[in-house]
Structures are given as structure tokens and as C-alpha cells.
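Colleague: Starting off with a structure, shown below.
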Amino acid sequence: MLKTRKELDAELDAPARAWLDTALTEAAHHATATDGTATPAWELRFAAAGRHCGQQHADSVRSLLLIEARAPLPSVTRLYEQGTAAERRAVLLTLDRLALGATALPLVEDALRTNDTRLVAAAVGPYAAAHLPPHAWRHAVLKCLFTGVPADAVARLGERAQGDAELARMLADFAAERTAAGREVPPGLRTVLALTDPAPEHTPAPERATPAAPTEES
């Protein structure tokens with residue numbers, strides 16, 4: 001869970017808060033510079049976040065830097081490609097908060113090709129839910145099940161899975177293959193499969209019978 005600046009200030013010590021203030025100021029300057037001469041010092045700060053603010057806060061600090069810098073695709077791509085697994089995860093977690101449209105999908109696709117569950121889980125967040133095409137998104141869901149990433153890590157899973165007959169077929173085939181090979185079916189598979197059912201059609205409430213008119217005998 002990414003923390004806000006206010007939450008970080010409450011948890012960081014004075015030196016770490018001072019370091020973060022400077023880093024965010026540099027990132028903001030880079031975002032507003034128009035002459036192209038500003039040195040992106042904030043990118044160096046990005047890599048050093050864990051050392052200065054603690055590994056438990058590194059994702060949140062790196063995310064704030066990306067947002068404050070309004071990081072363009074070249075910066076985001078460079079930080080991802082040259083970064084450690086932890087730095088890549090921070091990039092993936094922040095993609096939906098940057099004005100990149102679908103241009104950063106190659107980073108998501110790269111993460112989904114790995115077997116690093118931290119990256120896979122980060123890759124199937126809100127950005128993937130908004131931009132990953134149906135075929136790739138279905139395979140991302142299967143990748144989560146295959147690698148043991150919890151199904152609830154997939155953002156908007158219920159929304160995108162609903163009524164997806166092709167995803168249902170792929171899940172059923174995957175389960176059949178695992179069973180035939182004597183291997184356990186991932187526990188989340190049946191949960192996801194249930195989500196592929198179409199939304200039940202609205203069934204009107206049954207009409208109440210009209211009371212019979214009283215007869216002369218009654």
C-alpha cells in the first residue's frame with residue numbers, strides 16, 4: 001500500500017524528512033523546467049530512496065518522486081530498465097498515477113514475462129486494468145494463478161472477468177491440464193472462474209394474484 005506524503009512525514013525521522021523534501025523539490029523543478037537544461041537529479045534520488053528513508057517506505061517515496069516530476073515515458077522507462085526489482089516494482093505501482101496513457105504497456109508486459117511475484121503482482125494493478133488488451137489481460141490473470149499471486153491483486157478483476165467466455169475457457173483448460181498431470185489446481189482459479197459468469201438478468205418480481213371478487217355466497 002503506497003503511503004501519502006502526510007503519512008510518510010509522520011513515520012520518517014528528521015534526516016529522512018529533510019532528504020525527502022529536497023528530493024521532491026528537485027523533482028518538481030524538473031517537472032516545470034522548460035529549457036531542457038535541468039539535471040534530473042531526482043532520478044538519482046529514486047535509486048537512493050531505500051537507503052535514506054528505509055526499505056519499508058521506498059515504494060511510497062519513489063512513487064511520490066515520479067508523480068512530483070510528472071515523469072515522462074523516457075524517464076519511467078529508464079528507471080524501470082536500469083532499476084533493481086524493488087525500483088521496477090515502484091514504477092509499476094505508480095503507472096496509473098502518471099499521464100502516460102497506454103504508452104507504458106511494454107513495461108507491464110515485461111514484468112508479466114518474469115517469475116518475480118512482486119513484479120507480477122504490481123503489473124496487474126489499476127494501470128493494467130485500464131490499458132491491457134483483453135487477450136494479454138487474460139494471460140496476466142493466468143500468470144497470477146500459475147505463479148501463486150493472489151487473485152485479489154488483479155485490479156478490477158470482477159469487472160473485467162464478468163461474462164468473459166474466453167477467460168472461462170482458458171481457466172477450464174488450465175484446470176484440466178493441472179488435474180490430468182496430477183497437480184493441484186490453484187485455489188483462486190475457481191474463484192476467478194465464478195466471476196466469468198454473465199450478470200444475472202433482471203428477473204421481474206412475480207405478479208401478485210388478483211384477489212377473486214367476492215361471490216354472493218360469501
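Here's how to read the names in the C-alpha cells: chain A, B, ... by the order shown, residue numbers from 1 in each chain, ligand numbers from 1 in the order shown.
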Show which residues sit within 10 Å of Asp152 (chain A), as a PyMOL selection string. Count only C-alpha atoms, and ignore same-chain residues fewer than 6 positions away.
Modeller: chain A and resi 121+124-125+144+158+188+192
Colleague: Could you find all residues in region 39-211 of chain A that DSSP calls helix (DSSP H, G or I) from the backbone, and write them as a PyMOL selection string?
Modeller: chain A and resi 41-53+55-68+73-82+85-97+105-112+117-123+126-131+134-147+151-153+157-161+165-180+187-195
Colleague: Which distance in Å separates CA of His139 (chain A) and CA of Phe174 (chain A), to one decimal?
Modeller: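 So the two atoms, CA of His139 (chain A) and CA of Phe174 (chain A), lie 11.2 Å apart.
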Colleague: Quick one: residues within 9 Å of Ala99 (chain A), only C-alpha atoms counted, chain neighbours fewer than 6 positions away excluded, as JSON, numbers by chain?
Modeller: {"A": [70, 71, 72]}
Colleague: Would you save the residues from that selection as a short mmCIF file (atom, residue, chain, number, x, y, z; two decimals), in the first residue's frame, using all heavy atoms?
Modeller:
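Written output follows (again.cif):
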data_model
loop_
_atom_site.label_atom_id
_atom_site.label_comp_id
_atom_site.auth_asym_id
_atom_site.auth_seq_id
_atom_site.Cartn_x
_atom_site.Cartn_y
_atom_site.Cartn_z
N ARG A 70 6.25 14.53 -12.60
CA ARG A 70 5.39 14.29 -13.78
C ARG A 70 6.19 13.50 -14.81
O ARG A 70 6.29 13.87 -15.99
CB ARG A 70 4.91 15.60 -14.38
CG ARG A 70 4.10 16.46 -13.43
CD ARG A 70 3.75 17.79 -14.05
NE ARG A 70 3.31 18.76 -13.05
CZ ARG A 70 3.14 20.06 -13.28
NH1 ARG A 70 3.40 20.55 -14.49
NH2 ARG A 70 2.75 20.86 -12.33
N ALA A 71 6.76 12.43 -14.32
CA ALA A 71 7.75 11.66 -15.09
C ALA A 71 7.24 11.30 -16.48
O ALA A 71 6.21 10.65 -16.62
CB ALA A 71 8.12 10.40 -14.33
N PRO A 72 7.97 11.69 -17.52
CA PRO A 72 7.62 11.32 -18.89
C PRO A 72 8.04 9.89 -19.17
O PRO A 72 8.81 9.28 -18.41
CB PRO A 72 8.41 12.32 -19.74
CG PRO A 72 9.63 12.59 -18.91
CD PRO A 72 9.17 12.56 -17.48
#
Colleague: May I have the residues within 12 Å of Ala41 (chain A) as a PyMOL selection string, using only C-alpha atoms and disregarding those fewer than 5 positions away in the same chain?
Modeller: chain A and resi 22-31+46-48+65+69+75
Colleague: Just to confirm, what's the straight-line distance from CA of Ser63 (chain A) to CA of Ala111 (chain A) in Å (one decimal)?
Modeller: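 So the two atoms, CA of Ser63 (chain A) and CA of Ala111 (chain A), lie 17.4 Å apart.
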